[in-house]
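Trainee: Input protein-v6.cif, format and content: mmCIF, C-alpha atoms.
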data_final
#
loop_
_atom_site.label_atom_id
_atom_site.label_comp_id
_atom_site.auth_asym_id
_atom_site.auth_seq_id
_atom_site.Cartn_x
_atom_site.Cartn_y
_atom_site.Cartn_z
CA MET X 6 -20.00 -207.18 -10.17
CA GLN X 7 -19.22 -207.26 -13.90
CA ILE X 8 -22.22 -206.19 -15.99
CA LEU X 9 -22.13 -206.29 -19.79
CA ILE X 10 -24.75 -204.22 -21.64
CA ALA X 11 -24.98 -205.19 -25.33
CA PRO X 12 -28.27 -204.05 -26.93
CA ASP X 13 -29.28 -203.29 -30.49
CA SER X 14 -30.81 -199.92 -31.35
CA PHE X 15 -34.42 -199.03 -30.59
CA LYS X 16 -35.60 -198.40 -34.15
CA ASP X 17 -36.75 -194.84 -34.97
CA CYS X 18 -35.79 -193.79 -31.48
CA LEU X 19 -32.34 -194.39 -29.96
CA THR X 20 -29.05 -195.79 -31.22
CA ALA X 21 -27.58 -198.87 -29.59
CA GLY X 22 -25.02 -196.62 -27.91
CA GLU X 23 -27.73 -194.40 -26.44
CA VAL X 24 -29.68 -197.43 -25.21
CA SER X 25 -26.65 -198.96 -23.51
CA ARG X 26 -25.66 -195.65 -21.88
CA ALA X 27 -29.17 -195.09 -20.51
CA LEU X 28 -29.38 -198.58 -18.99
CA GLY X 29 -25.91 -198.23 -17.52
CA LYS X 30 -26.76 -194.88 -15.98
CA GLY X 31 -29.83 -196.34 -14.29
CA ILE X 32 -27.93 -199.32 -12.86
CA ALA X 33 -25.12 -197.09 -11.57
CA MET X 34 -27.66 -195.03 -9.63
CA VAL X 35 -28.17 -198.06 -7.37
CA ILE X 36 -25.03 -200.21 -7.61
CA ARG X 37 -22.30 -197.59 -7.54
CA ASP X 38 -19.41 -200.05 -7.40
CA ALA X 39 -20.53 -202.16 -10.38
CA SER X 40 -18.15 -202.52 -13.31
CA ILE X 41 -20.40 -201.73 -16.28
CA GLN X 42 -19.16 -202.39 -19.79
CA LEU X 43 -21.11 -200.93 -22.71
CA VAL X 44 -20.92 -202.83 -26.00
CA PRO X 45 -23.61 -201.47 -28.37
CA MET X 46 -24.42 -204.07 -31.01
CA ALA X 47 -25.81 -204.31 -34.53
CA ASP X 48 -26.49 -206.97 -37.15
CA GLY X 49 -24.93 -205.33 -40.17
CA GLY X 50 -27.68 -202.79 -40.78
CA GLU X 51 -28.12 -199.26 -39.50
CA GLY X 52 -25.95 -198.63 -36.45
CA THR X 53 -23.18 -201.06 -37.45
CA VAL X 54 -20.58 -198.34 -37.89
CA GLU X 55 -21.38 -196.77 -34.53
CA ALA X 56 -21.32 -200.13 -32.76
CA VAL X 57 -17.84 -201.01 -34.00
CA ILE X 58 -16.46 -197.53 -33.37
CA GLN X 59 -17.68 -197.51 -29.77
CA ALA X 60 -16.66 -201.07 -28.96
CA THR X 61 -13.15 -200.74 -30.41
CA GLY X 62 -12.35 -197.09 -29.72
CA GLY X 63 -12.39 -196.39 -33.45
CA ARG X 64 -13.19 -193.31 -35.46
CA ARG X 65 -15.66 -192.07 -38.05
CA VAL X 66 -14.46 -191.06 -41.51
CA THR X 67 -16.54 -188.55 -43.48
CA ILE X 68 -16.06 -188.20 -47.24
CA GLU X 69 -17.99 -187.03 -50.30
CA VAL X 70 -19.23 -189.77 -52.64
CA MET X 71 -21.93 -190.25 -55.27
CA ASP X 72 -25.46 -191.04 -54.14
CA PRO X 73 -27.63 -193.63 -55.98
CA LEU X 74 -28.36 -191.08 -58.73
CA LEU X 75 -24.66 -190.12 -58.99
CA ARG X 76 -25.04 -186.79 -57.23
CA PRO X 77 -22.47 -185.64 -54.64
CA VAL X 78 -23.44 -186.51 -51.07
CA THR X 79 -21.59 -186.45 -47.75
CA SER X 80 -21.21 -190.01 -46.50
CA PHE X 81 -19.27 -191.88 -43.83
CA TYR X 82 -17.80 -195.15 -42.64
CA GLY X 83 -15.90 -196.30 -39.57
CA ILE X 84 -12.37 -197.51 -38.85
CA SER X 85 -11.69 -199.70 -35.81
CA GLY X 86 -9.40 -198.66 -33.00
CA ASP X 87 -6.48 -200.68 -34.38
CA ASP X 88 -6.76 -198.92 -37.78
CA HIS X 89 -6.99 -202.27 -39.58
CA THR X 90 -10.76 -202.78 -40.04
CA ALA X 91 -13.15 -200.55 -41.99
CA VAL X 92 -16.88 -200.83 -41.37
CA ILE X 93 -19.23 -199.66 -44.11
CA GLU X 94 -23.00 -199.33 -44.27
CA MET X 95 -23.82 -199.32 -47.98
CA ALA X 96 -27.01 -197.39 -47.19
CA ALA X 97 -24.83 -194.41 -46.26
CA ALA X 98 -23.92 -194.03 -49.93
CA SER X 99 -26.39 -196.10 -51.96
CA GLY X 100 -29.39 -196.31 -49.66
CA ILE X 101 -33.04 -195.85 -50.47
CA GLU X 102 -33.43 -193.26 -47.70
CA LEU X 103 -31.14 -190.93 -49.66
CA LEU X 104 -33.83 -190.58 -52.33
CA ASP X 105 -37.18 -188.91 -52.37
CA PRO X 106 -39.87 -191.56 -53.05
CA ARG X 107 -40.47 -189.97 -56.46
CA GLU X 108 -36.79 -190.46 -57.36
CA ARG X 109 -36.66 -194.20 -56.73
CA ASP X 110 -35.81 -195.96 -59.98
CA PRO X 111 -33.70 -199.16 -59.96
CA TRP X 112 -33.26 -198.86 -63.73
CA VAL X 113 -30.73 -196.04 -63.14
CA THR X 114 -29.67 -196.15 -59.48
CA SER X 115 -26.07 -197.19 -58.86
CA THR X 116 -23.85 -198.61 -56.11
CA TYR X 117 -20.95 -196.43 -57.27
CA GLY X 118 -20.85 -194.53 -53.97
CA THR X 119 -20.44 -197.75 -52.01
CA GLY X 120 -17.41 -198.56 -54.13
CA GLN X 121 -15.99 -195.13 -53.33
CA LEU X 122 -16.28 -195.85 -49.61
CA ILE X 123 -14.46 -199.16 -50.10
CA LEU X 124 -11.75 -197.49 -52.19
CA ASP X 125 -11.16 -194.82 -49.55
CA ALA X 126 -10.75 -197.49 -46.87
CA VAL X 127 -8.24 -199.35 -49.05
CA GLN X 128 -6.27 -196.16 -49.65
CA ARG X 129 -6.12 -195.53 -45.89
CA GLY X 130 -4.43 -198.90 -45.40
CA CYS X 131 -7.26 -201.00 -43.99
CA THR X 132 -6.64 -204.72 -44.38
CA ARG X 133 -10.14 -205.89 -43.49
CA ILE X 134 -13.44 -204.43 -44.64
CA LEU X 135 -16.88 -205.24 -43.25
CA VAL X 136 -19.87 -204.17 -45.35
CA GLY X 137 -23.50 -204.10 -44.25
CA ILE X 138 -25.71 -204.15 -47.34
CA GLY X 139 -29.22 -203.49 -46.05
CA GLY X 140 -31.47 -200.67 -47.23
CA SER X 141 -30.26 -200.32 -50.82
CA ALA X 142 -31.89 -198.24 -53.55
CA THR X 143 -30.19 -200.24 -56.30
CA ASN X 144 -30.51 -203.21 -58.63
CA ASP X 145 -27.22 -203.04 -60.54
CA GLY X 146 -25.62 -206.28 -59.33
CA GLY X 147 -22.80 -204.31 -57.73
CA ALA X 148 -21.53 -203.12 -61.11
CA GLY X 149 -21.44 -199.52 -59.90
CA MET X 150 -19.44 -200.55 -56.84
CA ALA X 151 -16.93 -202.39 -59.03
CA ALA X 152 -16.70 -199.47 -61.45
CA ALA X 153 -15.64 -197.17 -58.61
CA LEU X 154 -12.80 -199.62 -57.94
CA GLY X 155 -11.60 -199.54 -61.54
CA VAL X 156 -13.58 -202.27 -63.34
CA ARG X 157 -14.89 -201.27 -66.77
CA PHE X 158 -18.21 -202.59 -68.12
CA LEU X 159 -18.31 -202.25 -71.89
CA ASN X 160 -20.98 -202.59 -74.58
CA ARG X 161 -20.63 -203.97 -78.11
CA GLU X 162 -18.92 -200.76 -79.30
CA GLY X 163 -16.41 -200.86 -76.45
CA LYS X 164 -18.06 -197.95 -74.64
CA THR X 165 -18.99 -197.88 -70.95
CA ILE X 166 -22.58 -198.97 -70.33
CA ILE X 167 -24.96 -196.62 -68.57
CA ALA X 168 -25.20 -196.84 -64.79
CA GLY X 169 -27.90 -198.85 -63.05
CA GLY X 170 -29.70 -202.10 -63.68
CA GLY X 171 -30.95 -200.83 -67.02
CA GLY X 172 -27.47 -200.73 -68.54
CA LEU X 173 -26.57 -204.33 -67.72
CA GLY X 174 -28.54 -205.62 -70.69
CA GLU X 175 -25.94 -204.07 -73.04
CA LEU X 176 -22.94 -205.58 -71.28
CA MET X 177 -20.59 -207.44 -73.62
CA ARG X 178 -17.18 -207.30 -71.95
CA ILE X 179 -15.72 -206.82 -68.48
CA ASP X 180 -12.28 -205.21 -68.29
CA LEU X 181 -10.52 -205.93 -64.99
CA GLY X 182 -7.28 -204.22 -65.97
CA GLY X 183 -7.93 -201.13 -63.89
CA LEU X 184 -9.15 -202.88 -60.72
CA GLU X 185 -7.49 -201.45 -57.61
CA PRO X 186 -4.62 -203.97 -57.15
CA ARG X 187 -4.60 -203.85 -53.34
CA ILE X 188 -8.18 -205.14 -53.16
CA ARG X 189 -7.05 -208.76 -53.64
CA GLU X 190 -4.99 -208.56 -50.46
CA ILE X 191 -7.88 -207.44 -48.27
CA GLU X 192 -10.33 -209.63 -46.37
CA ILE X 193 -13.85 -208.47 -47.21
CA MET X 194 -16.92 -209.73 -45.38
CA VAL X 195 -20.49 -208.84 -46.26
CA ALA X 196 -23.26 -208.92 -43.67
CA CYS X 197 -26.07 -210.75 -45.41
CA ASP X 198 -29.07 -212.17 -43.60
CA VAL X 199 -31.23 -213.02 -46.62
CA SER X 200 -30.96 -216.09 -48.83
CA ASN X 201 -32.32 -214.74 -52.11
CA PRO X 202 -30.45 -215.79 -55.26
CA LEU X 203 -29.50 -213.19 -57.83
CA THR X 204 -32.26 -213.97 -60.34
CA GLY X 205 -35.60 -215.73 -60.68
CA PRO X 206 -38.91 -215.39 -58.80
CA GLU X 207 -37.11 -215.12 -55.45
CA GLY X 208 -34.27 -213.02 -56.85
CA ALA X 209 -33.27 -209.41 -56.35
CA SER X 210 -35.50 -207.80 -58.97
CA PHE X 211 -38.80 -209.53 -58.28
CA THR X 212 -38.43 -209.60 -54.47
CA TYR X 213 -37.04 -206.14 -53.75
CA GLY X 214 -37.47 -204.21 -56.99
CA PRO X 215 -41.02 -203.01 -56.27
CA GLN X 216 -40.02 -201.25 -53.04
CA LYS X 217 -37.28 -199.49 -54.98
CA GLY X 218 -39.64 -198.14 -57.62
CA ALA X 219 -39.96 -200.95 -60.17
CA ASP X 220 -43.32 -201.97 -61.58
CA GLU X 221 -43.97 -205.55 -62.70
CA GLU X 222 -42.68 -204.98 -66.23
CA MET X 223 -39.48 -203.26 -65.06
CA ALA X 224 -38.82 -205.98 -62.49
CA ALA X 225 -39.00 -208.62 -65.23
CA ARG X 226 -36.62 -206.68 -67.46
CA LEU X 227 -34.19 -206.06 -64.59
CA ASP X 228 -34.23 -209.76 -63.77
CA GLY X 229 -33.31 -210.54 -67.37
CA HIS X 230 -30.48 -208.01 -67.25
CA LEU X 231 -29.07 -209.54 -64.06
CA ALA X 232 -29.25 -212.99 -65.67
CA HIS X 233 -27.28 -211.64 -68.65
CA TYR X 234 -24.78 -209.97 -66.28
CA ALA X 235 -24.28 -213.27 -64.43
CA LYS X 236 -23.77 -215.06 -67.78
CA VAL X 237 -21.04 -212.62 -68.84
CA ILE X 238 -19.31 -212.97 -65.46
CA ARG X 239 -19.47 -216.75 -65.73
CA GLU X 240 -18.07 -216.80 -69.25
CA GLN X 241 -15.36 -214.16 -68.81
CA MET X 242 -14.39 -214.59 -65.15
CA ASN X 243 -15.28 -218.25 -64.58
CA ARG X 244 -17.43 -217.36 -61.57
CA ASP X 245 -21.00 -218.57 -61.20
CA ILE X 246 -22.86 -216.17 -58.91
CA SER X 247 -26.44 -216.60 -60.05
CA ASN X 248 -27.70 -219.20 -57.57
CA ILE X 249 -25.62 -218.52 -54.46
CA PRO X 250 -27.87 -217.86 -51.44
CA GLY X 251 -27.60 -214.16 -50.60
CA ALA X 252 -26.34 -213.16 -54.05
CA GLY X 253 -29.56 -211.19 -54.56
CA ALA X 254 -29.09 -209.07 -51.45
CA ALA X 255 -29.08 -205.29 -52.02
CA GLY X 256 -30.09 -205.60 -55.66
CA GLY X 257 -27.32 -208.08 -56.39
CA LEU X 258 -24.54 -206.21 -54.58
CA GLY X 259 -23.84 -209.45 -52.73
CA ALA X 260 -23.16 -211.16 -56.07
CA GLY X 261 -20.97 -208.34 -57.32
CA MET X 262 -18.86 -208.29 -54.19
CA MET X 263 -18.28 -212.03 -54.43
CA ALA X 264 -17.42 -211.82 -58.13
CA PHE X 265 -15.07 -208.83 -58.09
CA LEU X 266 -13.76 -208.63 -54.51
CA ASP X 267 -13.70 -212.29 -53.43
CA ALA X 268 -15.98 -211.23 -50.58
CA ARG X 269 -17.49 -213.71 -48.16
CA LEU X 270 -21.17 -213.48 -47.21
CA VAL X 271 -21.69 -213.97 -43.46
CA ASN X 272 -24.39 -213.57 -40.83
CA GLY X 273 -24.48 -209.94 -39.78
CA PHE X 274 -24.62 -210.49 -36.03
CA THR X 275 -21.79 -213.01 -36.16
CA MET X 276 -19.62 -210.58 -38.14
CA ILE X 277 -20.09 -207.76 -35.63
CA ALA X 278 -19.81 -210.04 -32.59
CA GLU X 279 -16.44 -211.30 -33.80
CA THR X 280 -15.22 -207.79 -34.57
CA VAL X 281 -16.04 -206.40 -31.10
CA ARG X 282 -14.92 -209.65 -29.36
CA LEU X 283 -18.32 -210.07 -27.78
CA GLU X 284 -17.85 -213.67 -26.67
CA GLN X 285 -14.62 -212.87 -24.84
CA ARG X 286 -16.36 -209.98 -23.06
CA ILE X 287 -19.28 -212.24 -22.09
CA ARG X 288 -16.91 -214.75 -20.54
CA ARG X 289 -15.72 -212.10 -18.09
CA ALA X 290 -19.21 -210.84 -17.20
CA ASP X 291 -21.42 -211.83 -14.27
CA LEU X 292 -24.58 -210.56 -15.97
CA VAL X 293 -25.48 -209.78 -19.59
CA ILE X 294 -28.16 -207.26 -20.59
CA THR X 295 -29.38 -206.94 -24.18
CA GLY X 296 -32.48 -205.70 -25.95
CA GLU X 297 -34.16 -203.96 -28.87
CA GLY X 298 -37.22 -201.83 -29.53
CA LYS X 299 -39.61 -204.77 -29.88
CA MET X 300 -39.15 -208.34 -28.75
CA ASP X 301 -41.54 -211.01 -29.99
CA SER X 302 -41.58 -214.44 -31.62
CA GLN X 303 -39.40 -213.11 -34.47
CA THR X 304 -36.54 -212.17 -32.13
CA GLN X 305 -35.29 -215.76 -32.17
CA TYR X 306 -34.71 -215.63 -35.93
CA GLY X 307 -31.31 -213.97 -36.14
CA LYS X 308 -32.02 -210.77 -34.22
CA THR X 309 -29.22 -209.24 -32.17
CA PRO X 310 -30.66 -209.90 -28.67
CA PHE X 311 -31.09 -213.57 -29.54
CA GLY X 312 -27.49 -213.82 -30.69
CA VAL X 313 -26.27 -212.17 -27.49
CA ALA X 314 -28.40 -214.53 -25.36
CA GLN X 315 -27.10 -217.59 -27.17
CA LEU X 316 -23.48 -216.62 -26.50
CA ALA X 317 -24.30 -215.90 -22.86
CA LYS X 318 -26.09 -219.24 -22.49
CA LYS X 319 -23.03 -220.98 -23.94
CA HIS X 320 -20.97 -219.65 -21.04
CA GLY X 321 -23.62 -220.03 -18.35
CA LYS X 322 -24.26 -216.30 -17.88
CA PRO X 323 -27.69 -214.92 -16.85
CA VAL X 324 -29.35 -212.67 -19.44
CA ILE X 325 -31.88 -209.86 -19.08
CA GLY X 326 -33.72 -208.71 -22.21
CA VAL X 327 -35.03 -205.13 -22.28
CA ALA X 328 -37.52 -203.96 -24.90
CA GLY X 329 -39.69 -201.01 -25.73
CA SER X 330 -42.52 -203.55 -25.91
CA LEU X 331 -42.91 -207.28 -25.37
CA GLU X 332 -45.31 -208.65 -27.95
CA THR X 333 -46.84 -211.93 -29.05
CA GLY X 334 -44.46 -214.83 -28.61
CA ALA X 335 -41.91 -213.00 -26.47
CA ARG X 336 -42.28 -215.56 -23.67
CA GLU X 337 -40.84 -218.19 -26.02
CA LEU X 338 -37.48 -216.49 -25.54
CA TYR X 339 -37.20 -217.93 -22.04
CA ARG X 340 -36.43 -221.23 -23.79
CA TYR X 341 -33.44 -219.71 -25.56
CA GLY X 342 -31.20 -218.31 -22.84
CA PHE X 343 -33.15 -215.34 -21.49
CA ASN X 344 -33.70 -215.32 -17.72
CA LEU X 345 -35.78 -212.15 -17.50
CA LEU X 346 -37.63 -209.97 -20.01
CA LEU X 347 -38.50 -206.39 -19.08
CA PRO X 348 -40.56 -203.84 -21.02
CA ILE X 349 -39.58 -200.24 -20.38
CA GLN X 350 -43.18 -199.01 -20.28
CA GLU X 351 -44.49 -198.02 -16.85
CA LYS X 352 -48.06 -197.16 -17.76
CA PRO X 353 -50.36 -197.52 -20.75
CA SER X 354 -49.15 -195.13 -23.43
CA ASP X 355 -49.11 -194.67 -27.19
CA LEU X 356 -46.10 -195.09 -29.48
CA PRO X 357 -45.31 -191.35 -29.86
CA TYR X 358 -45.07 -191.03 -26.07
CA ALA X 359 -42.83 -194.09 -25.80
CA LEU X 360 -40.50 -192.83 -28.53
CA LYS X 361 -40.27 -189.36 -27.01
CA HIS X 362 -39.52 -190.62 -23.49
CA ALA X 363 -37.52 -193.75 -24.35
CA GLU X 364 -34.24 -192.56 -22.82
CA GLU X 365 -35.90 -191.64 -19.54
CA LEU X 366 -37.77 -194.96 -19.46
CA LEU X 367 -34.56 -196.89 -20.12
CA ILE X 368 -32.77 -195.11 -17.28
CA ARG X 369 -35.59 -196.04 -14.92
CA THR X 370 -35.55 -199.62 -16.22
CA GLY X 371 -31.84 -199.73 -15.50
CA GLU X 372 -32.53 -198.45 -12.00
CA ARG X 373 -35.09 -201.25 -11.47
CA ILE X 374 -32.53 -203.81 -12.63
CA GLY X 375 -30.06 -202.33 -10.17
CA ARG X 376 -32.56 -202.59 -7.34
CA MET X 377 -33.31 -206.22 -8.19
CA LEU X 378 -29.62 -207.01 -8.21
CA SER X 379 -29.11 -205.28 -4.87
CA LEU X 380 -31.55 -207.74 -3.26
CA THR X 381 -29.06 -210.54 -3.82
CA ARG X 382 -26.03 -208.70 -2.47
#
Mind converting the file's structure to C-alpha cells?

Mentor:
Amino acid sequence: MQILIAPDSFKDCLTAGEVSRALGKGIAMVIRDASIQLVPMADGGEGTVEAVIQATGGRRVTIEVMDPLLRPVTSFYGISGDDHTAVIEMAAASGIELLDPRERDPWVTSTYGTGQLILDAVQRGCTRILVGIGGSATNDGGAGMAAALGVRFLNREGKTIIAGGGGLGELMRIDLGGLEPRIREIEIMVACDVSNPLTGPEGASFTYGPQKGADEEMAARLDGHLAHYAKVIREQMNRDISNIPGAGAAGGLGAGMMAFLDARLVNGFTMIAETVRLEQRIRRADLVITGEGKMDSQTQYGKTPFGVAQLAKKHGKPVIGVAGSLETGARELYRYGFNLLLPIQEKPSDLPYALKHAEELLIRTGERIGRMLSLTR
C-alpha cells in the first residue's frame, strides 16, 4: 500500500516534518509493509524552507545578514536537491519576530537582509528562487531588498536615502547601474496569498502598518511615501506597481520584487506543490493524509490541507485530514475531497497539554489510521 503523508505544520508546536514523521511512525506500527512517503508541506510561510529541503533532498544554507534594523543576524535559506532552486523565507532576515515589540518601527525597518539572502543564492548559481514573504517587520516597498542587490535610491542631492519607509519620501532618482546582472536570468516567484494593493485604505501601510509599530499618523505618512515611490518607479522604469493585487504584501516587498526583479506573484501552496512535485506523488499513492493544527471553515480558503485534498480528489484518491482540533465548520470539508477527519485529542484537555503531547498524540492517531486500514486488508 502506497501512503502519502503531506501535512502542514502544527503552529506553535511541531514542524510539518515532525508531524509527518509522527503519523508515519504510528501507521508503521500496524502496517509494517506499507510504503510510506513523507512530503511535509507549507504555503510559503514559516516552514517553507524545511518542506522543500525534505521533499527534494536539499540543504540548508546559513549566512550572516542584516536584520530589519540593519544589525548583523544569523539567517538561513534552502537549496533544493538539484542545486537549482533556492527557497527563502523573508521573515528569516526581515521578520517581525526578529525584533522586540519595543523596537518595531516601519519608518526605519528595512528588507536589506532579504536582498542579501537573494544575492547569496544568485552567487551560488541558483537559477530559480522562491520567496515566501509573510511575517515582515517592514514597510519600505522592497527598496532595502533592491539596495542589497545593487540598486541605488538617491535624493535631490544625489545621496542615498535613509533606510526604511521613512526615507522613500525623499526619493528622486533610481540608479539601476549596479544591479546584480545575473538577476535578470533567474526565475523568481513570490508566495503571496493576500490581494492588498501597494497604497490606499487597503494598502500596505494602513492594513499592516499598525501591527509593525505604526500609529495612525505614521501609517498615513508611510502610505504617501509608498505612493511617491510608485510614482518614481513608474516615471523612471515605466512600471506601474501601485494597484497590482498583492503588491502591498510584506510592506510592499511584493511590489519591489516585481519592479526590480521581474518576480511573479503566485499562490503559496501552488508554488510549493509544484516544487516538490506533489501532484505526481499523489498519482502514485493509494491514500493521502494531510492536516494542520486546526481545521475549521477557514481551511477551505487556501490552506495547505485543502490544497492537498483538491489535488487528491482530482486523481480519485481518498484523503484523511488530521488536526489538533476540529472546530466550527470543519464538517464542510467533506464536500471538498476529504473522506475522513480525525482530531488527535483522546480526552478533554487544555491547549498547553495538547501542545506538549502533540507528537505522542500524532503517533497514536497514526496507529489508529493503521488499524482502520488493516480492517480492509

Trainee: What is the atom CA of X:Glu240-atom CA of X:Leu184 distance in Å, reported with one decimal?

Mentor: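 We find that atom CA of X:Glu240 and atom CA of X:Leu184 lie 18.6 Å from each other.
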
Trainee: List the residues selected by the PyMOL selection byres ((chain X and resi 263) around 10) in the file shown, writing them as a PyMOL selection string.

Mentor: chain X and resi 147+193-195+244-246+249+252+258-262+264-270

Trainee: So what does the PyMOL selection byres ((chain X and resi 159-175) around 12) actually pick up in this one, as a PyMOL selection string?

Mentor: chain X and resi 73-75+99+109-118+142-153+156-158+176-181+209-210+214+217+219+223-238+256-258

Trainee: Would you save the residues from that selection as a compact mmCIF listing (two decimals), in the frame of the given file, using C-alpha atoms?

Mentor:
# COMPACT_ATOMS: atom_id res chain seq x y z
CA PRO X 73 -27.63 -193.63 -55.98
CA LEU X 74 -28.36 -191.08 -58.73
CA LEU X 75 -24.66 -190.12 -58.99
CA SER X 99 -26.39 -196.10 -51.96
CA ARG X 109 -36.66 -194.20 -56.73
CA ASP X 110 -35.81 -195.96 -59.98
CA PRO X 111 -33.70 -199.16 -59.96
CA TRP X 112 -33.26 -198.86 -63.73
CA VAL X 113 -30.73 -196.04 -63.14
CA THR X 114 -29.67 -196.15 -59.48
CA SER X 115 -26.07 -197.19 -58.86
CA THR X 116 -23.85 -198.61 -56.11
CA TYR X 117 -20.95 -196.43 -57.27
CA GLY X 118 -20.85 -194.53 -53.97
CA ALA X 142 -31.89 -198.24 -53.55
CA THR X 143 -30.19 -200.24 -56.30
CA ASN X 144 -30.51 -203.21 -58.63
CA ASP X 145 -27.22 -203.04 -60.54
CA GLY X 146 -25.62 -206.28 -59.33
CA GLY X 147 -22.80 -204.31 -57.73
CA ALA X 148 -21.53 -203.12 -61.11
CA GLY X 149 -21.44 -199.52 -59.90
CA MET X 150 -19.44 -200.55 -56.84
CA ALA X 151 -16.93 -202.39 -59.03
CA ALA X 152 -16.70 -199.47 -61.45
CA ALA X 153 -15.64 -197.17 -58.61
CA VAL X 156 -13.58 -202.27 -63.34
CA ARG X 157 -14.89 -201.27 -66.77
CA PHE X 158 -18.21 -202.59 -68.12
CA LEU X 176 -22.94 -205.58 -71.28
CA MET X 177 -20.59 -207.44 -73.62
CA ARG X 178 -17.18 -207.30 -71.95
CA ILE X 179 -15.72 -206.82 -68.48
CA ASP X 180 -12.28 -205.21 -68.29
CA LEU X 181 -10.52 -205.93 -64.99
CA ALA X 209 -33.27 -209.41 -56.35
CA SER X 210 -35.50 -207.80 -58.97
CA GLY X 214 -37.47 -204.21 -56.99
CA LYS X 217 -37.28 -199.49 -54.98
CA ALA X 219 -39.96 -200.95 -60.17
CA MET X 223 -39.48 -203.26 -65.06
CA ALA X 224 -38.82 -205.98 -62.49
CA ALA X 225 -39.00 -208.62 -65.23
CA ARG X 226 -36.62 -206.68 -67.46
CA LEU X 227 -34.19 -206.06 -64.59
CA ASP X 228 -34.23 -209.76 -63.77
CA GLY X 229 -33.31 -210.54 -67.37
CA HIS X 230 -30.48 -208.01 -67.25
CA LEU X 231 -29.07 -209.54 -64.06
CA ALA X 232 -29.25 -212.99 -65.67
CA HIS X 233 -27.28 -211.64 -68.65
CA TYR X 234 -24.78 -209.97 -66.28
CA ALA X 235 -24.28 -213.27 -64.43
CA LYS X 236 -23.77 -215.06 -67.78
CA VAL X 237 -21.04 -212.62 -68.84
CA ILE X 238 -19.31 -212.97 -65.46
CA GLY X 256 -30.09 -205.60 -55.66
CA GLY X 257 -27.32 -208.08 -56.39
CA LEU X 258 -24.54 -206.21 -54.58

Trainee: One decimal, Å: what's the distance from atom CA of X:Ala126 over to atom CA of X:Ile84, could you say?

Mentor: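 Interatomic distance here is 8.2 Å.
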
Trainee: Might you spell out which residues the PyMOL selection byres ((chain X and resi 45) around 10) would select in the displayed file, as a list in words?

Mentor: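 With the shown file as input, the PyMOL selection byres ((chain X and resi 45) around 10) matches Leu9, Ile10, Ala11, Pro12, Asp13, Ser14, Thr20, Ala21, Gly22, Glu23, Val24, Ser25, Arg26, Gln42, Leu43, Val44, Met46, Ala47, Gly52, Thr53, Glu55, Ala56, Val57, Ile58, Gln59, Ala60, Val281 and Thr295 of chain X.
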
Trainee: I'd like the interatomic distance between atom CA of X:Thr280 and atom CA of X:Ile138, to a tenth of an Å.

Mentor: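 Separating atom CA of X:Thr280 from atom CA of X:Ile138 is a distance of 16.9 Å.
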
Trainee: Of the candidates X:Gly321, X:Ala278, X:Arg239, X:Tyr213, which shows the shortest atom-to-atom distance to X:Gly139, using all atoms listed in the file?

Mentor: X:Tyr213

Trainee: Could you check the closest approach to X:Ile41 for each of X:Gly296, X:Gly140, X:Gly29, X:Gly155 and tell me which residue wins, using all atoms listed in the file?

Mentor: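 Of X:Gly296, X:Gly140, X:Gly29, X:Gly155, the one nearest X:Ile41 is X:Gly29, counting all atoms listed in the file.
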
Trainee: Can you work out which one of X:Val293, X:Gly329, X:Val199, X:Arg336 has the shortest atom-to-atom distance to X:Ile349, counting only C-alpha atoms?

Mentor: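 Smallest distance to X:Ile349 is found for X:Gly329.
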
Trainee: May I ask which of the residues X:Leu345, X:Ile277, X:Ala27, X:Lys352 is the closest one to X:Met377, counting all atoms listed in the file?

Mentor: X:Leu345

Trainee: Which residue gives the smallest distance to X:Ile36 among X:Gly312, X:Phe211, X:Pro206, X:Gln7, with only C-alpha atoms counted?

Mentor: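 Among the listed residues, X:Gln7 lies closest to X:Ile36.
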
Trainee: X:Leu360, X:Gln350, X:Asp87, X:Met300: which is nearest X:Ala335, counting only C-alpha atoms?

Mentor: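 That would be X:Met300, the residue with the smallest distance to X:Ala335.
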
Trainee: Within 9 Å of (-22.3, -216.2, -28.2) (coordinates as in the file), grab all the protein and nucleic acid residues, counting all atoms listed in the file, and write them out as a VMD selection string.

Mentor: chain X and resid 275 278 283 to 284 287 312 to 320
